[in-house]
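Here the structure comes first, spelled out in structure tokens, and everything after it is commentary.
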Amino acid sequence: MAVLCSNCAGKLIFNPATQRLECATCGSSFRPEDVEDKNADLHSKYYDTRVYVCSHCGAEVITSDTEASSFCVYCGNPAIVFDRISKEYKPDGLIPFQVTKEEAIKNIKTRFLKNPIIPKEIMGKCVPENIRGIYVPYWIINADYTEADYLSGKVKRGKHTETRYYSRAGEIAVKNVPIDGSNILNDDISRKLEPFYLEDSKTFDEDYLNGFYSNTSDMNYFDLKKSAAYRCHKMYADEIVKTVKAKDVKIVDSIYWVDVHDDPIYMMFPVWFFTFKYEDKPYTILVNGQSGKVVGTMPWQKKRVVAITLATFILVMALIAVIITGLIQNWLLLSSIFVYALAGITVLGSYSFTRGFVGLKRIHKNLRLTQSEDIFKFVKKRQG
Amino acid sequence: MDEQIFMMYTVFIGMLVFTGIAITMFVVYKILNRFSNFGDSSCKLDDYSPRAIHYLRDMDDVPSTEKRLLFSAYGENPYDGRQHTIPEQLLKNSKMDEPDQEME
């Protein structure tokens with residue numbers, strides 16, 4: 001439970017800007033390591049928390065008693081109720097918040113400046129009441145990893161393009177890889193929050209939690225190994241495709257194994273959650289509480305994007321029409337240029353289509369991840 | 001002959017329209033990526049490993065039989081049998097999962 005100010009018995013809140021516990025009543029400030037909670041057993045493996053449960057998505061949110069929860073930080077629903085006081089295992093360490101709530105808001109709002117497609121009303125929603133700081137559980141692992149891949153790639157041979165196949169197998173030892181320890185947060189989102197710098201980590205002291213929410217790890221050892229294997233596979237696959245000297249390289253099939261070394265370290269990392277609703281859909285934008293990195297896909301004004309699309313299409317077609325007219329009028333003179341122009345347009349078209357299609361697919365996937373209904377479905381799936 | 005020229009023009013114009021759509025798609029992707037999609041990056045393998053990948057097999061332009069050989073060579077867990085101490089939090093969560101599994 002939260003410690004009180006030794007001068008006036010007011011509640012102490014951790015301030016990321018000063019890295020000190022501050023009393024809102026009398027203004028005194030203390031270093032977290034100097035403050036002693038007389039009720040706490042320093043040698044205990046546990047600490048006391050207040051657990052709130054969201055009746056909409058089932059997420060559990062944990063607070064110290066300095067912060068009353070009024071809505072779910074994951075899905076933005078106000079249907080959150082106090083559930084119980086719980087004893088939780090103390091993590092081995094944490095990285096204290098270094099980015100203040102004001103800085104997190106500023107980082108998000110910077111993205112709105114000179115932005116023609118994000119609805120202006122979202123800027124009005126970026127207020128302190130909609131932003132919550134959560135210590136997210138992570139496991140820091142060292143591991144041995146082996147993967148075998150069968151890949152394909154396209155190679156030019158004369159005028160034709162051939163598909164060729166490649167075989168790779170390799171092993172690597174990885175160190176200090178952070179694995180998101182919460183089943184509620186999607187691994188593809190938490191991965192983007194990295195890097196977290198472990199040099200700033202502190203031994204766990206619950207005073208750092210004052211003024212913030214926290215979440216305990218709800219995964220078991222099997223889940224950890226599965227997440228670790230997936231995390232390593234993602235990084236390994238990015239590297240392995242670079243070793244193939246061909247175009248359009250794809251992993252056809254792969255098999256991978258991970259061995260997580262003894263005693264992974266249980267940590268808490270700081271993350272700001274900005275939750276809001278737009279057109280009845282919930283969105284969650286995250287800010288790394290250590291580096292300030294903003295992660296998420298904002299909704300856009302559909303009318304404006306459609307207008308931009310049409311304008312671009314008309315402009316491109318007009319340019320093409322000018323080229324065609326010019327070529328038809330000077331057919332004989334420019335017949336050789338015509339052939340080159342045709343070849344150039346074909347290459348440009350194929351390149352643009354591939355890049356554009358893959359890119360739009362990726363943005364759509366990211367948008368789905370940002371819409372926290374996905375977190376809702378994810379939780380429900382885990383709950384069976 | 002006229003029909004042939006007409007076909008050629010149709011294919012040509014079709015290709016130009018496709019190129020127009022493709023370029024538009026690319027421009028829209030670039031705009032959405034710049035103004036709506038934030039922080040779409042993650043750490044690479046060399047951020048977590050001081051050493052490079054140690055290759056056990058590295059073959060180009062392989063025949064179709066290679067896939068079967070590759071997966072039969074690496075299809076078994078090389079770390080099988082290694083014992084580890086598991087942190088208490090993970091053990092606690094395993095116990096909490098047990099009633100669910102029984103119900104299933």
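Quick note on naming: the chains in the structure tokens go A, B, ... in the order shown, residues restart at 1 in each chain, and ligands are numbered from 1 in order of appearance.
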At most 6 Å to chain B: residues in chain A, only C-alpha atoms, as a VMD selection string
chain A and resid 164 to 172 174 to 175 191 to 192 218 220 to 221 235 262 to 263 294 to 298 312 to 313 316 to 317 349 352 to 353 356 359 to 360
Can I get the selection written as a short mmCIF file (atom, residue, chain, number, x, y, z; two decimals), in the first residue's frame, with N, CA and C atoms?
```cif
data_model
loop_
_atom_site.label_atom_id
_atom_site.label_comp_id
_atom_site.auth_asym_id
_atom_site.auth_seq_id
_atom_site.Cartn_x
_atom_site.Cartn_y
_atom_site.Cartn_z
N ARG A 164 13.65 -19.63 -57.48
CA ARG A 164 14.65 -20.57 -56.96
C ARG A 164 14.43 -20.78 -55.48
N TYR A 165 15.01 -21.87 -54.97
CA TYR A 165 14.81 -22.21 -53.56
C TYR A 165 16.12 -22.23 -52.81
N TYR A 166 16.03 -21.90 -51.53
CA TYR A 166 17.23 -21.74 -50.69
C TYR A 166 17.01 -22.45 -49.36
N SER A 167 18.11 -22.95 -48.82
CA SER A 167 18.03 -23.70 -47.57
C SER A 167 18.96 -23.06 -46.55
N ARG A 168 18.41 -22.75 -45.38
CA ARG A 168 19.22 -22.12 -44.33
C ARG A 168 18.90 -22.77 -42.99
N ALA A 169 19.94 -22.96 -42.18
CA ALA A 169 19.73 -23.36 -40.78
C ALA A 169 20.81 -22.68 -39.97
N GLY A 170 20.44 -22.20 -38.81
CA GLY A 170 21.44 -21.50 -38.00
C GLY A 170 21.04 -21.45 -36.55
N GLU A 171 22.01 -21.06 -35.72
CA GLU A 171 21.74 -20.92 -34.29
C GLU A 171 22.34 -19.62 -33.78
N ILE A 172 21.76 -19.10 -32.74
CA ILE A 172 22.25 -17.85 -32.17
C ILE A 172 21.86 -17.77 -30.69
N VAL A 174 20.80 -15.22 -27.73
CA VAL A 174 20.30 -13.85 -27.53
C VAL A 174 20.33 -13.49 -26.05
N LYS A 175 20.47 -12.20 -25.81
CA LYS A 175 20.65 -11.73 -24.42
C LYS A 175 19.72 -10.56 -24.13
N ARG A 191 6.05 -5.19 -28.90
CA ARG A 191 7.35 -5.28 -29.58
C ARG A 191 7.77 -3.91 -30.15
N LYS A 192 6.77 -3.15 -30.60
CA LYS A 192 7.08 -1.85 -31.21
C LYS A 192 7.46 -0.80 -30.17
N ASP A 218 0.53 -12.56 -16.27
CA ASP A 218 -0.47 -13.63 -16.15
C ASP A 218 -0.12 -14.82 -17.03
N ASN A 220 2.16 -18.31 -18.05
CA ASN A 220 2.90 -19.40 -17.41
C ASN A 220 4.18 -19.67 -18.22
N TYR A 221 4.95 -20.67 -17.78
CA TYR A 221 6.25 -20.92 -18.41
C TYR A 221 6.09 -21.33 -19.88
N MET A 235 12.67 -11.70 -35.34
CA MET A 235 13.96 -11.03 -35.56
C MET A 235 14.85 -11.84 -36.50
N ASP A 262 17.97 -20.27 -17.43
CA ASP A 262 17.45 -20.24 -16.05
C ASP A 262 17.04 -18.84 -15.60
N ASP A 263 16.02 -18.82 -14.80
CA ASP A 263 15.57 -17.61 -14.10
C ASP A 263 15.50 -16.35 -14.94
N VAL A 294 6.09 7.04 -29.62
CA VAL A 294 4.63 6.90 -29.78
C VAL A 294 4.35 5.72 -30.72
N VAL A 295 3.45 4.82 -30.28
CA VAL A 295 3.14 3.63 -31.07
C VAL A 295 1.63 3.52 -31.27
N GLY A 296 1.21 3.36 -32.51
CA GLY A 296 -0.21 3.16 -32.78
C GLY A 296 -0.60 3.75 -34.13
N THR A 297 -1.79 3.40 -34.57
CA THR A 297 -2.28 3.94 -35.84
C THR A 297 -3.56 4.74 -35.57
N MET A 298 -3.49 6.02 -35.89
CA MET A 298 -4.62 6.92 -35.65
C MET A 298 -5.68 6.72 -36.74
N THR A 312 -5.12 12.37 -56.54
CA THR A 312 -3.86 11.75 -57.00
C THR A 312 -4.11 10.97 -58.29
N PHE A 313 -5.21 10.20 -58.30
CA PHE A 313 -5.52 9.38 -59.47
C PHE A 313 -5.73 10.26 -60.71
N VAL A 316 -2.37 11.72 -61.82
CA VAL A 316 -1.51 10.70 -62.46
C VAL A 316 -2.05 10.38 -63.86
N MET A 317 -3.37 10.21 -63.97
CA MET A 317 -3.96 9.87 -65.28
C MET A 317 -3.80 11.04 -66.27
N GLY A 349 4.65 0.82 -62.54
CA GLY A 349 3.35 0.33 -62.11
C GLY A 349 3.47 -0.89 -61.21
N SER A 352 5.06 0.15 -57.82
CA SER A 352 4.11 0.92 -57.01
C SER A 352 3.02 0.02 -56.45
N PHE A 353 2.56 -0.91 -57.29
CA PHE A 353 1.47 -1.78 -56.85
C PHE A 353 1.94 -2.67 -55.69
N GLY A 356 2.72 -0.41 -52.60
CA GLY A 356 1.48 0.20 -52.11
C GLY A 356 0.57 -0.82 -51.47
N GLY A 359 2.13 -2.16 -48.21
CA GLY A 359 2.11 -1.08 -47.22
C GLY A 359 0.72 -0.83 -46.66
N LEU A 360 -0.29 -0.78 -47.54
CA LEU A 360 -1.66 -0.53 -47.08
C LEU A 360 -2.17 -1.69 -46.22
#
```
Give me the residues near region 11-14 of chain A as a ChimeraX atom specification, where near means some atom within 7 Å (using only C-alpha atoms) and where sequence neighbours in that chain fewer than 5 positions away do not count.
/A:3-5,19-23,66,208,210-211
Apply DSSP to the backbone of this structure and, from region 133-229 of chain A, keep only the residues in alpha helix (DSSP H); write these as a list of chain:residue names.
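Output for region 133-229 of chain A, alpha helix (DSSP H) only: A:Asp187, A:Asp188, A:Ile189, A:Ser190, A:Tyr221, A:Phe222, A:Asp223, A:Leu224, A:Lys225, A:Lys226, A:Ser227, A:Ala228, A:Ala229.
Here CA of Ala24 (chain A) stands at a distance of 19.4 Å from CA of Pro96 (chain A).
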